[in-house]
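**Q** Before I ask anything, here is the structure I am working with.
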Amino acid sequence: MLRAACLFKKPNVVGAVAKQLFSRSNFLGFTQVTQPMASLTLYRGAFRRLVWPSAQHQFSPRLYSQCTEHADGPKKEPTSDAPQIQIPDNLIKSDGAPVYVKWQVIWAAAFTTGVFCISAGLCADRYFGYLERIKALVEARGLGVYTDSTGEHINRIMGSAVVQALVGPEFKTSKLGQAKAINFIARLPDWISPETKRGAISLVGGLYGLSLGERCVYSMITLNIVVFGLWRVPRLLPTMARHFLHQPHSGKAYTMLTSMFSHATPVHLFFNMLSLWGTGILVTDVVPEEHFIAMYLSAGVISCLAMHIQSALYPAFAIGYLGASGGVYGLMGVVTVLYARNGKLSESFPLTSATMPILLLVSMASDCVGIAFKWRGVGYVAHLTGGILGVAYAEWYSGVWDKLVLSFMARHAKKDVADSRLEMDKINVDYMLAIEEPFMKVPLEQLKREARQSQKLAERETQLVSTGLADLIKKQSNLPAEEYTCILDGLIDKLKVLKRKLEESKQEETLLIHRSKQRAADLNELNDFTSATQPEFQRWCRTRLERVLIDYMLRNGNVDTAKQIMEKSNLEHFADSSLFALVMSTERELREQHSCRGALHWCAENRSALRKIQSSLEFELRLQEFIEMIRGKKSPEAIAYAKKHLTTWSDTQLPRIQRAMTLLAFSPTTTCPPYKHMFDVARWDGLAHEFRMVIFQLYNLPSQPLLHLLLQTGLSALKTPACQSDDTSEHNRNCPVCQTDTLGKLAQGLPLSHHSNSNLVCRITGEKMNEDNPPMRLPNGYVYSLSSLTDMAHKLGGMVKCPRSGEVYSLKDAKKLFIS
């Protein structure tokens with residue numbers, strides 16, 4: 001870090017200042033920078049072209065007076081024959097002002113801690129992807145350009161007429177930022193030539209071809225160049241001296257950071273930026289970008305703090321400081337340690353692992369000599385401090401940095417866990433009610449069916465009785481009294497039967513209404529629950545589980561077990577026993593007795609409902625009865641049956657009816673494929689399955705048991721590609737999806753789950769590896785949990801055996817892994 005020197009109008013003053021500065025700086029490692037600058041001072045005209053011409057940049061009044069007296073004798077007032085740019089005196093603190101140290105130390109410590117914590121937070125944020133979530137949320141809110149996918153967005157931009165006219169259809173890019181930049185350049189005013197726009201597009205392509213680390217380095221260099229340019233603007237000199245020059249007497253602390261981006265001369269800027277480019281590219285190739293930014297800024301601030309403390313100890317050094325040398329020396333220290341560890345880092349920097357430490361040691365030794373002899377003009381303390389910080393950082397960052405990142409990740413993870421727990425504790429009533437739709441619809445459908453049948457029965461019987469009474473009245477004069485009384489008794493008996501049936505139907509309807517009310521009350525309890533951890537909600541879930549088990553058993557014919565659960569838990573009103581009894585009896589009749597009587601009777605009662613869902617179940621049953629007549633060699637009866645029952649389906653099933661009539665010419669033992677299939681006895685099983693599916697569809701019941709659906713919901717969140725591996729060693733013993741003989745069968749048709757955060761699972765114990773049970777790497781590369789290896793070592797006398805390779809190692813050979 002070069003000390004800010006004053007630049008004077010008179011050439012002889014310039015020469016005296018240069019001699020005083022560079023005669024004390026020409027030593028060892030600094031020679032490569034200062035010697036060219038010192039040689040330039042011999043040519044006053046050339047030196048004046050490198051600095052601000054005709055300007056008086058007065059940072060230290062005392063140095064100004066000493067230099068002018070040394071060059072021209074007694075101090076003279078500057079003449080006004082040439083334009084001057086002078087920083088006001090109130091911006092330059094006198095040497096007698098106190099040098100504040102306490103707050104500068106606090107600020108430097110706070111800044112260093114903050115920049116490392118922010119960098120660690122960004123590193124952890126990469127893992128959790130919060131920035132991507134925020135970006136997606138912003139685009140979803142309509143603040144972005146488009147809400148479609150990245151590829152579609154790029155195609156939309158590059159496909160515009162303005163862009164195509166400039167770059168042509170052959171230009172391709174996969175980076176959204178580059179496409180936006182090209183679109184911006186293409187829409188610049190027409191007075192900018194197309195060649196200039198294409199040159200800018202080429203520059204943008206080169207920038208987007210850089211890695212993220214290279215962008216960070218070039219961004220730092222660009223910022224330094226911009227600040228240097230602002231220093232060259234005369235009107236901005238007071239502002240730059242106030243905010244971008246660290247003066248120990250000013251009492252300001254933030255200038256320890258801003259002065260890193262200021263430089264005294266173009267030569268000073270050139271060599272610092274050259275060193276920043278060389279070391280920065282090497283560092284970002286090995287460590288993440290967060291490491292580079294944190295190390296560079298912290299080294300620069302702490303180096304300036306060291307110079308500040310030196311000013312407090314030695315007032316002669318209490319002048320202004322600027323330059324990026326402290327941060328650059330810190331990067332040099334990092335690169336030196338990386339060279340020592342890894343050898344040559346880049347082909348463009350052919351230094352070996354032996355020469356790089358020597359160069360750093362020689363440079364630091366020169367800094368120590370400069371500090372010992374109290375040489376002025378160069379920030380030896382800043383160089384030495386930056387180099388030591390770089391070496392220490394590169395040597396110990398792995399443990400400290402990883403712990404810091406892991407702490408941020410653990411904090412994010414705990415927050416995610418807490419948020420997920422809060423989210424899980426919330427009861428999604430709408431989702432649960434959607435699953436329970438059949439629970440309410442079955443009794444309501446049964447009630448509608450019962451009411452419809454009662455109405456039809458009443459209408460039919462009352463019509464018969466009314467017709468009989470009318471006939472009886474007409475024949476009253478011609479009938480004897482006994483016959484008249486007999487007919488009247490018959491009509492009365494019919495009314496009594498109707499009354500009995502209506503009473504039975506009323507009882508059934510009352511039972512269904514009561515069942516519907518109880519089910520509605522049970523579901524309405526969900527609105528009273530506020531958390532999934534409430535004991536009342538747990539009781540409700542227990543009841544629901546029993547309902548699901550009863551449904552599963554009734555579907556599979558385990559009626560006795562289902563009845564035991566219903567009686568024990570008093571859940572008769574929650575089970576659709578009558579419906580499943582109808583399904584089981586009808587299926588048994590179809591499969592075992594090969595009779596369609598019960599199924600056809602049910603179709604006749606629900607013909608209007610079947611017509612609404614466009615079901616052909618009744619036609620399939622009639623067709624099967626026709627086939628059975630042909631199988632029994634009852635051709636005349638089959639023809640008559642077809643005329644009566646099959647012709648009514650001629651509008652929709654004419655091709656199948658024609659094929660069925662062709663069966664009259666074939667024997668049941670035919671081998672002709674279309675007709676052999678129609679004579680196949682397995683058609684009865686198909687009819688039974690179709691009957692089950694149709695009745696489930698009418699009552700809005702799922703085709704699978706509700707237990708299967710709920711289990712598949714959980715299994716879909718656990719299924720990974722490893723679960724489908726043919727190598728059983730890849731399976732997790734605690735994973736239900738990997739158990740192919742049990743629950744794994746339900747997960748066969750499920751898609752793979754999507755996990756934004758992966759979990760490491762030990763293959764020995766099946767436990768998750770985390771900070772309490774960290775992953776340990778064996779020398780053969782396989783990773784297991786610490787607890788499993790510890791247990792194995794306890795049994796094998798301190799040795800561990802890899803289950804997959806069979807190799808035996810000492811527990812001490814296992815290395816702890818850190819994953820970020």
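Each chain in the structure tokens gets a letter, A, B, ..., in the order shown, and its residues are numbered from 1; ligands are numbered from 1 in order too.
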Might you pull out every residue within 7 Å of A:Ser810, with only C-alpha atoms counted and same-chain residues fewer than 5 positions away left off, and present them as a PyMOL selection string?
**A** chain A and resi 798-800
**Q** Which residues are close to A:Leu752, i.e. within 7 Å by only C-alpha atoms, leaving aside same-chain residues fewer than 3 positions away? Reply as a list in words.
**A**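 Skipping anything fewer than 3 positions along the chain leaves Ser716, Lys719, Thr720 and Pro721 of chain A.
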**Q** Hey, can you check how far atom CA of A:Leu571 sits from atom CA of A:Ser531?
**A** 24.8 Å
**Q** Counting only C-alpha atoms, which of A:Ala640, A:Val167, A:Ile371, A:Thr279 gets nearest to A:Tyr314?
**A**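 Smallest separation from A:Tyr314 among the options: A:Ile371.
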**Q** Please identify all polymer residues within 10 Å of A:Thr113, counting only C-alpha atoms, omitting same-chain residues fewer than 5 positions from it, and present them as a list in words.
**A**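 Those residues are Trp107, Ala108, Ile118, Ser119, Ala294 and Ser298 of chain A.
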**Q** Limited to N, CA, C and O atoms, could you put the picked residues into a file as a short mmCIF file (atom, residue, chain, number, x, y, z; two decimals), in the first residue's frame?
**A**
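Saved to again.cif:
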```cif
data_model
loop_
_atom_site.label_atom_id
_atom_site.label_comp_id
_atom_site.auth_asym_id
_atom_site.auth_seq_id
_atom_site.Cartn_x
_atom_site.Cartn_y
_atom_site.Cartn_z
N TRP A 107 -14.46 -1.59 14.39
CA TRP A 107 -15.08 -1.61 13.07
C TRP A 107 -14.46 -2.68 12.19
O TRP A 107 -15.15 -3.40 11.47
N ALA A 108 -13.11 -2.80 12.23
CA ALA A 108 -12.44 -3.81 11.41
C ALA A 108 -12.85 -5.21 11.81
O ALA A 108 -13.11 -6.07 10.96
N ILE A 118 -21.63 -13.19 6.08
CA ILE A 118 -22.46 -13.01 4.88
C ILE A 118 -22.03 -13.97 3.78
O ILE A 118 -22.86 -14.59 3.10
N SER A 119 -20.71 -14.13 3.61
CA SER A 119 -20.22 -15.05 2.59
C SER A 119 -20.61 -16.49 2.92
O SER A 119 -21.00 -17.26 2.04
N ALA A 294 -14.42 -12.70 0.63
CA ALA A 294 -14.22 -12.51 2.07
C ALA A 294 -12.75 -12.29 2.39
O ALA A 294 -12.39 -11.40 3.17
N SER A 298 -11.32 -8.62 3.68
CA SER A 298 -10.88 -8.65 5.07
C SER A 298 -9.39 -8.38 5.18
O SER A 298 -8.94 -7.66 6.08
#
```
**Q** For a quick check of understanding, using only C-alpha atoms, which of A:Ser193, A:Pro803, A:Gly797, A:Thr467 has the smallest distance to A:Tyr784?
**A**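 Closest to A:Tyr784 of all the choices is A:Pro803.
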**Q** Go through A:Leu663, A:Ile492, A:Leu269, A:Val381 and flag the residue nearest A:Lys676, using only C-alpha atoms for the distances.
**A**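 Among A:Leu663, A:Ile492, A:Leu269, A:Val381, it is A:Leu663 that comes nearest to A:Lys676.
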**Q** Taking only C-alpha atoms into account, which of A:Gly386, A:Cys486, A:Ala722, A:Leu698 comes nearest A:Gln614?
**A** A:Leu698
**Q** Please run DSSP on the backbone and report, as a PyMOL selection string, all residues within stretch 147-279 of chain A that come out as alpha helix (DSSP H).
**A** chain A and resi 150-158+161-167+176-186+194-208+212-231+237-243+255-258+266-279
**Q** Please indicate the distance in Å from atom CA of A:Leu166 to atom CA of A:Ala186, rounded to one decimal place.
**A**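 These atoms are spaced 6.6 Å apart.
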**Q** Closest to A:Ala609 among A:Arg804, A:Lys448, A:Pro668, A:Pro674, using only C-alpha atoms?
**A**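 Of all the options, A:Lys448 lies closest to A:Ala609.
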**Q** Using only C-alpha atoms, can you tell me which of A:Ala181, A:Ile550, A:Leu447, A:Met432 comes closest to A:Ser505?
**A**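 Closest candidate: A:Leu447.
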**Q** Quick check, in Å to one decimal: how far apart do atom CA of A:Ala451 and atom CA of A:Ser466 lie?
**A**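 If I compute the distance from atom CA of A:Ala451 to atom CA of A:Ser466, I get 22.0 Å.
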**Q** Env of stretch 747-751 of chain A: 12 Å cut, atoms = only C-alpha atoms, seq-sep filter 5 positions within chain, self excluded. Answer as a list in words.
**A**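 After dropping sequence-adjacent residues, the list is His708, Leu709, Leu710, Leu711, Gln712, Thr713, Gly714, Leu715, Ser716, Ala717, Leu718, Lys719, Thr720, Pro721, Cys723, Gln724, Cys735, Pro736, Val737, Cys738, Gln739, Thr740, Asp741 and Thr742 of chain A.
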